[in-house]
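Chemist: Please find run15.cif (mmCIF, C-alpha atoms) on the next line:
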data_data
#
loop_
_atom_site.label_atom_id
_atom_site.label_comp_id
_atom_site.auth_asym_id
_atom_site.auth_seq_id
_atom_site.Cartn_x
_atom_site.Cartn_y
_atom_site.Cartn_z
CA MET O 1 29.67 56.05 82.17
CA LYS O 2 29.64 55.16 85.89
CA SER O 3 29.15 51.54 86.93
CA ASN O 4 25.96 52.41 88.87
CA GLU O 5 24.44 54.08 85.80
CA ILE O 6 25.16 51.01 83.67
CA LYS O 7 23.67 48.71 86.33
CA SER O 8 20.57 50.88 86.50
CA MET O 9 20.18 50.66 82.70
CA ILE O 10 20.72 46.88 82.75
CA SER O 11 17.98 46.53 85.42
CA GLN O 12 15.51 48.23 83.08
CA MET O 13 16.07 45.49 80.49
CA ILE O 14 14.48 42.84 82.74
CA ILE O 15 10.79 41.91 83.03
CA VAL O 16 10.20 39.27 85.69
CA GLY O 17 7.32 37.33 87.22
CA ILE O 18 6.99 37.48 91.01
CA ARG O 19 4.95 35.63 93.64
CA ALA O 20 2.82 38.37 95.15
CA THR O 21 -0.83 39.14 95.81
CA ASN O 22 -0.54 41.98 98.35
CA ASP O 23 1.50 44.89 99.69
CA SER O 24 3.56 42.84 102.13
CA ASP O 25 4.62 40.43 99.32
CA VAL O 26 5.60 43.43 97.20
CA LYS O 27 7.62 45.04 100.03
CA LYS O 28 9.45 41.76 100.55
CA PHE O 29 10.30 41.55 96.83
CA PHE O 30 11.71 45.09 96.68
CA ARG O 31 13.64 44.61 99.95
CA THR O 32 15.22 41.44 98.56
CA TYR O 33 16.17 43.12 95.27
CA ASN O 34 16.75 46.70 96.43
CA ASP O 35 19.81 47.01 94.15
CA ILE O 36 17.87 45.97 91.00
CA SER O 37 15.36 48.45 89.62
CA VAL O 38 13.55 46.11 87.20
CA GLY O 39 11.99 47.48 84.03
CA GLY O 40 8.81 45.47 84.34
CA ILE O 41 6.76 42.84 86.14
CA ILE O 42 4.63 40.19 84.40
CA LEU O 43 1.49 39.00 86.19
CA TYR O 44 -0.25 35.61 86.08
CA ASP O 45 -3.48 34.38 87.59
CA GLN O 46 -2.25 30.80 88.13
CA ASN O 47 0.95 29.42 89.63
CA VAL O 48 1.57 26.49 87.26
CA THR O 49 4.41 25.02 89.33
CA THR O 50 2.03 23.66 92.00
CA ASN O 51 -0.20 20.61 91.67
CA PRO O 52 -3.03 21.52 91.40
CA TRP O 53 -2.35 25.03 90.13
CA SER O 54 -2.76 27.76 92.74
CA SER O 55 -3.34 31.53 92.80
CA HIS O 56 -0.37 33.60 91.67
CA ASN O 57 -1.03 37.37 91.40
CA ILE O 58 -4.67 37.87 90.47
CA LEU O 59 -7.60 37.17 92.82
CA ASN O 60 -10.18 39.83 91.90
CA PRO O 61 -10.33 43.36 90.40
CA GLU O 62 -10.03 45.25 93.71
CA GLN O 63 -7.06 43.17 94.88
CA LEU O 64 -5.32 43.57 91.51
CA ILE O 65 -5.69 47.37 91.60
CA LYS O 66 -4.13 47.45 95.09
CA LEU O 67 -1.32 45.09 94.04
CA ASN O 68 -0.38 47.24 91.04
CA ARG O 69 -0.51 50.46 93.07
CA SER O 70 1.82 48.83 95.57
CA LEU O 71 4.21 47.70 92.82
CA GLN O 72 4.44 51.22 91.38
CA PHE O 73 4.73 52.82 94.84
CA HIS O 74 7.67 50.67 95.98
CA SER O 75 9.55 50.66 92.65
CA LYS O 76 12.32 53.26 92.22
CA THR O 77 11.47 53.63 88.52
CA PRO O 78 7.90 53.45 87.12
CA LEU O 79 7.22 49.90 85.99
CA LEU O 80 5.81 48.31 82.90
CA ILE O 81 3.25 45.95 84.45
CA GLY O 82 2.51 43.29 81.87
CA ILE O 83 0.05 40.49 81.29
CA ASP O 84 -0.95 37.96 78.60
CA GLN O 85 -4.51 39.11 78.01
CA GLU O 86 -5.56 37.88 74.57
CA GLY O 87 -9.07 36.78 75.55
CA GLY O 88 -10.49 33.26 75.23
CA ASN O 89 -8.03 30.62 76.47
CA VAL O 90 -5.27 33.13 77.25
CA ASN O 91 -7.23 35.17 79.70
CA ARG O 92 -5.49 36.10 82.96
CA LEU O 93 -8.38 38.45 83.84
CA ASN O 94 -10.89 35.63 83.93
CA SER O 95 -14.60 36.22 84.46
CA SER O 96 -14.44 33.72 87.35
CA TYR O 97 -12.43 36.36 89.28
CA GLY O 98 -15.01 39.07 88.60
CA PHE O 99 -13.66 40.51 85.34
CA PRO O 100 -15.73 40.94 82.14
CA ASN O 101 -15.94 38.16 79.54
CA PHE O 102 -13.41 38.57 76.72
CA SER O 103 -13.79 36.83 73.35
CA SER O 104 -10.83 34.94 71.94
CA TRP O 105 -8.91 36.45 69.01
CA GLY O 106 -10.05 33.44 66.93
CA GLU O 107 -13.70 34.12 67.73
CA LEU O 108 -13.31 37.76 66.70
CA GLY O 109 -11.78 36.48 63.46
CA ARG O 110 -14.80 34.26 62.75
CA ILE O 111 -17.21 37.13 63.50
CA ASN O 112 -15.00 39.46 61.41
CA ASP O 113 -16.92 42.60 62.36
CA LEU O 114 -14.88 45.75 63.02
CA ASN O 115 -17.55 47.07 65.41
CA ILE O 116 -17.41 43.94 67.59
CA THR O 117 -13.59 44.04 67.59
CA THR O 118 -13.80 47.71 68.61
CA GLU O 119 -16.19 46.92 71.50
CA GLN O 120 -14.09 44.01 72.76
CA SER O 121 -10.76 45.84 72.38
CA LEU O 122 -12.09 48.91 74.18
CA LEU O 123 -13.48 46.80 77.03
CA MET O 124 -10.16 45.00 77.38
CA ALA O 125 -8.02 48.15 77.22
CA GLU O 126 -10.20 50.01 79.73
CA THR O 127 -10.22 47.03 82.12
CA LEU O 128 -6.43 46.70 81.96
CA SER O 129 -5.94 50.43 82.45
CA LYS O 130 -8.32 50.59 85.45
CA CYS O 131 -6.43 47.70 87.06
CA GLY O 132 -3.06 49.44 86.65
CA ILE O 133 -1.74 47.20 83.87
CA ASN O 134 0.10 49.13 81.15
CA LEU O 135 1.60 46.37 78.97
CA ASN O 136 -0.40 43.67 77.19
CA PHE O 137 1.31 40.80 75.36
CA ALA O 138 -1.24 40.89 72.55
CA PRO O 139 -2.41 40.98 69.77
CA VAL O 140 -1.28 37.73 68.16
CA LEU O 141 -0.25 38.57 64.58
CA ASP O 142 0.37 34.94 63.63
CA LEU O 143 -1.63 33.89 60.56
CA MET O 144 -3.71 30.71 60.83
CA ILE O 145 -1.75 28.88 58.13
CA ASN O 146 -1.72 25.54 59.93
CA LYS O 147 -5.28 24.99 61.20
CA SER O 148 -4.08 22.35 63.66
CA SER O 149 -1.15 24.38 65.03
CA PHE O 150 -0.73 24.89 68.78
CA LEU O 151 -1.90 28.52 68.43
CA ALA O 152 -4.89 27.72 66.20
CA SER O 153 -6.03 24.86 68.42
CA GLU O 154 -6.12 27.31 71.35
CA ASP O 155 -8.18 29.75 69.20
CA ARG O 156 -5.39 32.34 69.40
CA CYS O 157 -5.10 33.13 65.66
CA PHE O 158 -7.44 35.65 64.04
CA SER O 159 -7.47 34.22 60.49
CA ASP O 160 -5.27 33.23 57.56
CA ASN O 161 -5.95 36.55 55.82
CA PRO O 162 -3.19 39.12 56.52
CA GLU O 163 -5.28 42.11 55.37
CA GLU O 164 -8.25 41.24 57.61
CA LEU O 165 -5.97 40.53 60.56
CA THR O 166 -4.16 43.86 60.09
CA LYS O 167 -7.41 45.88 60.06
CA HIS O 168 -8.59 44.34 63.32
CA ALA O 169 -5.15 44.40 64.97
CA LYS O 170 -4.88 48.13 64.20
CA ILE O 171 -8.12 48.78 66.13
CA PHE O 172 -6.89 46.63 69.04
CA ILE O 173 -3.57 48.51 69.12
CA GLU O 174 -5.07 52.00 68.84
CA LEU O 175 -7.60 51.45 71.64
CA HIS O 176 -4.93 50.06 73.95
CA LEU O 177 -2.66 53.04 73.30
CA LYS O 178 -5.55 55.48 73.86
CA ASN O 179 -5.90 53.91 77.32
CA ASN O 180 -2.14 54.11 77.97
CA VAL O 181 -1.65 50.36 77.63
CA ILE O 182 1.16 49.22 75.32
CA PRO O 183 0.16 46.28 73.11
CA VAL O 184 3.02 43.90 72.29
CA CYS O 185 2.54 42.29 68.87
CA LYS O 186 3.64 38.65 68.70
CA HIS O 187 5.24 36.22 67.74
CA PHE O 188 7.75 37.64 65.23
CA PRO O 189 8.51 36.56 62.49
CA GLY O 190 5.31 34.45 62.60
CA GLN O 191 4.60 30.97 63.93
CA GLY O 192 1.16 30.37 62.44
CA SER O 193 2.49 27.54 60.26
CA ALA O 194 4.21 25.75 63.15
CA SER O 195 3.19 22.27 64.22
CA GLY O 196 4.91 22.21 67.65
CA ASP O 197 4.82 24.29 70.83
CA SER O 198 7.93 26.31 71.78
CA HIS O 199 7.13 25.81 75.47
CA GLU O 200 8.19 22.21 74.89
CA GLY O 201 11.01 22.41 72.33
CA LEU O 202 12.32 24.02 69.15
CA VAL O 203 9.73 24.56 66.44
CA ASP O 204 11.03 24.48 62.85
CA VAL O 205 9.01 26.42 60.25
CA THR O 206 11.65 26.39 57.49
CA ASP O 207 9.42 24.50 55.03
CA THR O 208 6.03 25.86 56.14
CA TRP O 209 6.59 29.59 56.82
CA GLN O 210 5.22 32.04 54.23
CA GLU O 211 6.34 35.56 53.31
CA SER O 212 2.75 36.74 53.90
CA GLU O 213 3.33 36.23 57.64
CA LEU O 214 5.35 39.46 57.65
CA LYS O 215 2.55 41.51 56.03
CA PRO O 216 0.72 42.56 59.23
CA TYR O 217 4.02 43.64 60.80
CA LYS O 218 5.12 45.54 57.69
CA THR O 219 1.85 47.47 57.42
CA LEU O 220 1.60 48.27 61.14
CA ILE O 221 5.27 49.28 61.39
CA LYS O 222 4.93 51.51 58.33
CA ASP O 223 1.99 53.42 59.82
CA GLU O 224 3.82 53.60 63.20
CA SER O 225 1.15 51.64 65.08
CA ILE O 226 3.50 49.09 66.66
CA LYS O 227 5.49 50.21 69.71
CA ALA O 228 6.68 46.78 70.92
CA ILE O 229 7.15 43.32 69.41
CA MET O 230 7.64 39.93 71.07
CA THR O 231 9.96 37.45 69.40
CA SER O 232 9.32 33.78 68.69
CA HIS O 233 11.67 30.91 69.55
CA LEU O 234 11.07 29.26 66.18
CA ILE O 235 13.75 28.01 63.78
CA HIS O 236 13.66 29.22 60.18
CA LYS O 237 16.81 28.05 58.41
CA LYS O 238 16.26 30.25 55.36
CA LEU O 239 16.29 33.33 57.59
CA ASP O 240 19.07 32.04 59.87
CA PRO O 241 20.63 28.60 59.31
CA SER O 242 21.90 28.22 62.87
CA LEU O 243 19.94 30.25 65.47
CA PRO O 244 16.29 30.49 66.63
CA ALA O 245 14.62 33.83 65.80
CA THR O 246 14.84 35.13 69.40
CA LEU O 247 18.64 34.75 69.31
CA SER O 248 19.17 35.76 65.69
CA SER O 249 20.70 39.04 64.58
CA LYS O 250 19.70 38.12 61.01
CA VAL O 251 16.02 38.00 62.04
CA LEU O 252 15.82 40.80 64.62
CA ASN O 253 18.46 43.26 63.48
CA ASP O 254 18.73 42.70 59.72
CA LEU O 255 15.09 41.82 58.94
CA LEU O 256 13.06 43.59 61.64
CA ARG O 257 15.17 46.65 62.40
CA ILE O 258 16.92 47.38 59.10
CA ASP O 259 14.68 45.95 56.33
CA MET O 260 11.34 46.63 58.03
CA GLY O 261 12.36 49.83 59.82
CA PHE O 262 11.17 48.93 63.34
CA ASN O 263 12.49 51.36 65.98
CA GLY O 264 10.42 50.22 68.96
CA VAL O 265 11.15 47.81 71.79
CA ILE O 266 11.91 44.15 71.05
CA ILE O 267 10.89 41.87 73.93
CA SER O 268 11.95 38.23 74.08
CA ASP O 269 9.44 35.49 74.65
CA ASP O 270 10.30 33.67 77.88
CA PRO O 271 13.92 32.39 77.66
CA SER O 272 12.98 29.65 80.18
CA MET O 273 10.87 27.87 77.55
CA SER O 274 12.36 24.53 76.53
CA ALA O 275 12.91 25.75 72.96
CA ILE O 276 15.78 27.86 74.33
CA SER O 277 16.69 26.50 77.77
CA LYS O 278 17.23 22.93 76.47
CA TYR O 279 19.93 24.06 74.04
CA TYR O 280 21.56 27.18 75.53
CA ASN O 281 22.65 28.10 79.04
CA LEU O 282 21.44 31.39 80.53
CA LYS O 283 24.64 33.32 79.82
CA GLU O 284 24.75 32.20 76.17
CA THR O 285 21.06 33.03 75.78
CA LEU O 286 21.37 36.57 77.17
CA LEU O 287 24.50 37.32 75.14
CA LEU O 288 22.96 36.08 71.89
CA MET O 289 19.73 37.99 72.58
CA ILE O 290 21.56 41.27 73.13
CA GLU O 291 23.70 40.70 70.03
CA ALA O 292 20.49 39.98 68.09
CA GLY O 293 18.86 43.25 69.20
CA VAL O 294 16.54 42.23 72.07
CA ASP O 295 15.84 45.18 74.41
CA MET O 296 13.92 43.44 77.21
CA PHE O 297 14.01 39.87 78.50
CA CYS O 298 10.67 38.57 79.74
CA PHE O 299 11.18 35.91 82.44
CA GLY O 300 7.77 34.71 83.61
CA ASN O 301 9.43 32.60 86.34
CA ASN O 302 6.31 30.46 86.33
CA LEU O 303 7.23 27.46 84.15
CA ASN O 304 10.00 26.52 86.59
CA TYR O 305 10.16 28.77 89.62
CA ASP O 306 13.58 30.00 90.77
CA LYS O 307 13.58 32.42 93.69
CA ASN O 308 17.08 33.62 92.68
CA LEU O 309 16.27 34.08 88.98
CA LEU O 310 16.23 37.90 88.96
CA LYS O 311 19.60 38.08 90.74
CA LYS O 312 21.07 35.49 88.34
CA VAL O 313 19.88 37.34 85.22
CA PHE O 314 21.06 40.72 86.52
CA ASN O 315 24.48 39.39 87.61
CA ILE O 316 25.05 37.66 84.26
CA LEU O 317 24.20 40.85 82.34
CA VAL O 318 26.61 42.88 84.51
CA GLU O 319 29.26 40.17 84.02
CA LEU O 320 28.81 40.26 80.22
CA TYR O 321 29.34 44.02 80.33
CA GLU O 322 32.40 43.78 82.59
CA GLU O 323 33.86 41.08 80.33
CA LYS O 324 33.31 43.49 77.39
CA LYS O 325 31.12 40.94 75.62
CA ILE O 326 28.33 43.52 75.44
CA SER O 327 29.02 47.20 74.97
CA GLU O 328 27.90 50.34 76.75
CA ASN O 329 26.29 51.41 73.48
CA GLN O 330 24.18 48.22 73.23
CA ILE O 331 22.91 48.74 76.78
CA HIS O 332 22.33 52.45 76.24
CA MET O 333 20.35 51.93 73.01
CA ALA O 334 18.08 49.35 74.67
CA TYR O 335 17.61 51.62 77.70
CA LYS O 336 16.76 54.58 75.46
CA ARG O 337 14.09 52.57 73.61
CA ILE O 338 12.62 51.28 76.90
CA MET O 339 12.41 54.78 78.39
CA ASN O 340 10.85 56.13 75.17
CA LEU O 341 8.22 53.39 75.47
CA LYS O 342 7.50 54.34 79.08
CA ARG O 343 7.40 58.01 78.09
CA SER O 344 4.84 57.25 75.36
CA ILE O 345 2.28 56.27 78.03
CA GLY O 346 3.26 59.04 80.42
CA ILE O 347 4.80 57.00 83.24
CA VAL O 348 8.21 58.73 82.99
CA ASN O 349 9.05 62.30 81.95
#
As structure tokens, what does this structure read like?
Modeler:
Amino acid sequence: MKSNEIKSMISQMIIVGIRATNDSDVKKFFRTYNDISVGGIILYDQNVTTNPWSSHNILNPEQLIKLNRSLQFHSKTPLLIGIDQEGGNVNRLNSSYGFPNFSSWGELGRINDLNITTEQSLLMAETLSKCGINLNFAPVLDLMINKSSFLASEDRCFSDNPEELTKHAKIFIELHLKNNVIPVCKHFPGQGSASGDSHEGLVDVTDTWQESELKPYKTLIKDESIKAIMTSHLIHKKLDPSLPATLSSKVLNDLLRIDMGFNGVIISDDPSMSAISKYYNLKETLLLMIEAGVDMFCFGNNLNYDKNLLKKVFNILVELYEEKKISENQIHMAYKRIMNLKRSIGIVN
């Protein structure tokens, strides 16, 4: 395979956050990185690297529609345009910018009414679709095992009941897909029992994790609902004694791909989070992720901003290929899954 083809495939494996609110910002981004045809862009409302926080990508519905049209227009390959839109506290499309109100996943769990979940999921999916967003990092499939966990305290967990969660998640997923928005289920293999926050360091669930945390994934994979899954940076020594889940072939390849039969796209949670970046350099991280079975790397570039991040990630991936540390087949398989995902919502032929 030609070097240019490989580089083009490698580019598709990267999702990155950019600083842009308008067409001229977008043009500047694509001019700067004209040799890298990224697979996706992740959007945020707030730039968390400034004090106080400042606007990042999202100002109001009309501006967001124009921004996303511009992103697709200037990109060589149709983009996955992603967002963390769970509702409640994780709500990039905030009502203060002119978007509808969205209930948190936890609130929908307390109401536990399939009709209300249907209404809210439909409203969310339609809003995302109208705005040109086609990838949503939701629903959260973590069970509320630890009621004081980071996720539970933010009202991001539906409930501790895997069957109830699965019924509601299925509705959320189906309505997103009907509106050509890909829902990304997270955080595999389940961090609902965790007591720490992986933004700040490694979270160990070895003694608290329960087998039931896999139930929603198993059911939704079996009925072919799930198209994409986001990994967690947690440590579970009984699943892998040495590596966090995001970097673990035992967790992602052996458990998720082989045992559970998942053929969709595996997306990493942000490798810049302290849980990973404190312990592994970028090259080690990317190599371990590819060996583990990750298809796309999601760099928000918003925890610590680096204007050269995209170039660094791309160059390291090319280097790993040229050093024969990752194979053409590994790249090709990831690329094939990514393009199948894009095809499923009609953005590529």
Chemist: Per residue of stretch 214-323 of chain O within 8 Å of stretch 40-59 of chain O, note the shortest atom pair and the distance in Å to one decimal, counting only C-alpha atoms, and order the rows by chain and increasing residue number, as a Markdown table.
Modeler:
| residue | atom | partner | partner_atom | distance |
| --- | --- | --- | --- | --- |
| O:Cys298 | CA | O:Ile42 | CA | 7.8 |
| O:Gly300 | CA | O:Ile42 | CA | 6.4 |
| O:Asn302 | CA | O:Val48 | CA | 6.3 |
| O:Leu303 | CA | O:Thr49 | CA | 6.4 |
| O:Asn304 | CA | O:Thr49 | CA | 6.4 |
| O:Tyr305 | CA | O:Thr49 | CA | 6.9 |
Chemist: For a test of reading the model, state the distance in Å between atom CA of O:Leu71 and atom CA of O:Ile6, rounded to one decimal.
Modeler: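 A separation of 23.1 Å between them.
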Chemist: Which of these residues is nearest to O:Ile81, using all atoms listed in the file: O:Leu123, O:Ile36, O:Ile133, O:Leu64?
Modeler: O:Ile133
Chemist: Applied to the shown file, which residues does the PyMOL selection byres ((chain O and resi 164-172) around 8) return, written as a PDB file with C-alpha atoms, keeping the file's coordinate frame?
Modeler:
ATOM      1  CA  GLY O 109     -11.780  36.480  63.460  1.00  0.00           C
ATOM      2  CA  ASN O 112     -15.000  39.460  61.410  1.00  0.00           C
ATOM      3  CA  LEU O 114     -14.880  45.750  63.020  1.00  0.00           C
ATOM      4  CA  THR O 117     -13.590  44.040  67.590  1.00  0.00           C
ATOM      5  CA  THR O 118     -13.800  47.710  68.610  1.00  0.00           C
ATOM      6  CA  SER O 121     -10.760  45.840  72.380  1.00  0.00           C
ATOM      7  CA  LEU O 122     -12.090  48.910  74.180  1.00  0.00           C
ATOM      8  CA  PRO O 139      -2.410  40.980  69.770  1.00  0.00           C
ATOM      9  CA  LEU O 141      -0.250  38.570  64.580  1.00  0.00           C
ATOM     10  CA  LEU O 143      -1.630  33.890  60.560  1.00  0.00           C
ATOM     11  CA  PHE O 158      -7.440  35.650  64.040  1.00  0.00           C
ATOM     12  CA  SER O 159      -7.470  34.220  60.490  1.00  0.00           C
ATOM     13  CA  ASP O 160      -5.270  33.230  57.560  1.00  0.00           C
ATOM     14  CA  ASN O 161      -5.950  36.550  55.820  1.00  0.00           C
ATOM     15  CA  PRO O 162      -3.190  39.120  56.520  1.00  0.00           C
ATOM     16  CA  GLU O 163      -5.280  42.110  55.370  1.00  0.00           C
ATOM     17  CA  ILE O 173      -3.570  48.510  69.120  1.00  0.00           C
ATOM     18  CA  GLU O 174      -5.070  52.000  68.840  1.00  0.00           C
ATOM     19  CA  LEU O 175      -7.600  51.450  71.640  1.00  0.00           C
ATOM     20  CA  HIS O 176      -4.930  50.060  73.950  1.00  0.00           C
ATOM     21  CA  PRO O 216       0.720  42.560  59.230  1.00  0.00           C
ATOM     22  CA  THR O 219       1.850  47.470  57.420  1.00  0.00           C
ATOM     23  CA  LEU O 220       1.600  48.270  61.140  1.00  0.00           C
ATOM     24  CA  SER O 225       1.150  51.640  65.080  1.00  0.00           C
TER      25      SER O 225
END
Chemist: Output the residue selection produced by the PyMOL selection byres ((chain O and resi 249-265) around 9) on the file above, formatted as a PyMOL selection string.
Modeler: chain O and resi 188-189+217-218+221-222+224+226-231+239-240+243-248+266-267+288-296+334+337-338+340-341
Chemist: Could you tell me which residues the PyMOL selection byres ((chain O and resi 76) around 10) grabs in this file, written as a count of residues only?
Modeler: 14
Chemist: Ranking O:Lys238, O:Phe297, O:Leu67, O:Ala138 by minimum distance to O:Arg19 and counting only C-alpha atoms, which one comes first?
Modeler: O:Leu67
Chemist: What is the distance between atom CA of O:Ile14 and atom CA of O:Asp204, in Å to one decimal?
Modeler: 27.3 Å
Chemist: For a quick check of understanding, using all atoms listed in the file, which of O:Val203, O:Asp84, O:Arg156, O:Glu62 has the smallest distance to O:Ser104?
Modeler: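 Of the candidates, the smallest distance to O:Ser104 is held by O:Arg156.
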Chemist: Report, in Å with one decimal, the straight-line distance from atom CA of O:Asp223 to atom CA of O:Glu211.
Modeler: 19.5 Å
Chemist: So that I can check the surroundings of stretch 325-332 of chain O, please list as number ranges by chain every protein, DNA and RNA residue that reaches within 7 Å of it, counting all atoms listed in the file and ignoring chain neighbours fewer than 5 positions away.
Modeler: O: 9-10, 320
Chemist: Just to be explicit: take each residue in the selection above, keep C-alpha atoms, and write the result as a PDB file, in the frame of the given file.
Modeler:
ATOM      1  CA  MET O   9      20.180  50.660  82.700  1.00  0.00           C
ATOM      2  CA  ILE O  10      20.720  46.880  82.750  1.00  0.00           C
ATOM      3  CA  LEU O 320      28.810  40.260  80.220  1.00  0.00           C
TER       4      LEU O 320
END
Chemist: Under the rule of at most 7 Å, produce a per-residue listing of stretch 103-209 of chain O near stretch 87-96 of chain O: chain, number, name, the closest pair of atoms, and the distance in Å, as a tab-separated table, using all atoms listed in the file.
Modeler:
residue	atom	partner	partner_atom	distance
O:Ser103	CA	O:Gly87	CA	5.2
O:Ser104	CA	O:Gly88	CA	3.7
O:Trp105	CA	O:Gly87	CA	6.6
O:Glu154	CA	O:Asn89	CA	6.4
Chemist: Select, from O:Asp25, O:Asp155, O:Glu119, O:Asp207, the residue with the minimum atom-to-atom distance to O:Val140, counting only C-alpha atoms.
Modeler: O:Asp155
Chemist: When you count all atoms listed in the file, which of these residues is closest to O:Phe150: O:Val348, O:Ala194, O:Ile276, O:Met333?
Modeler: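 The answer is O:Ala194, which sits nearest to O:Phe150.
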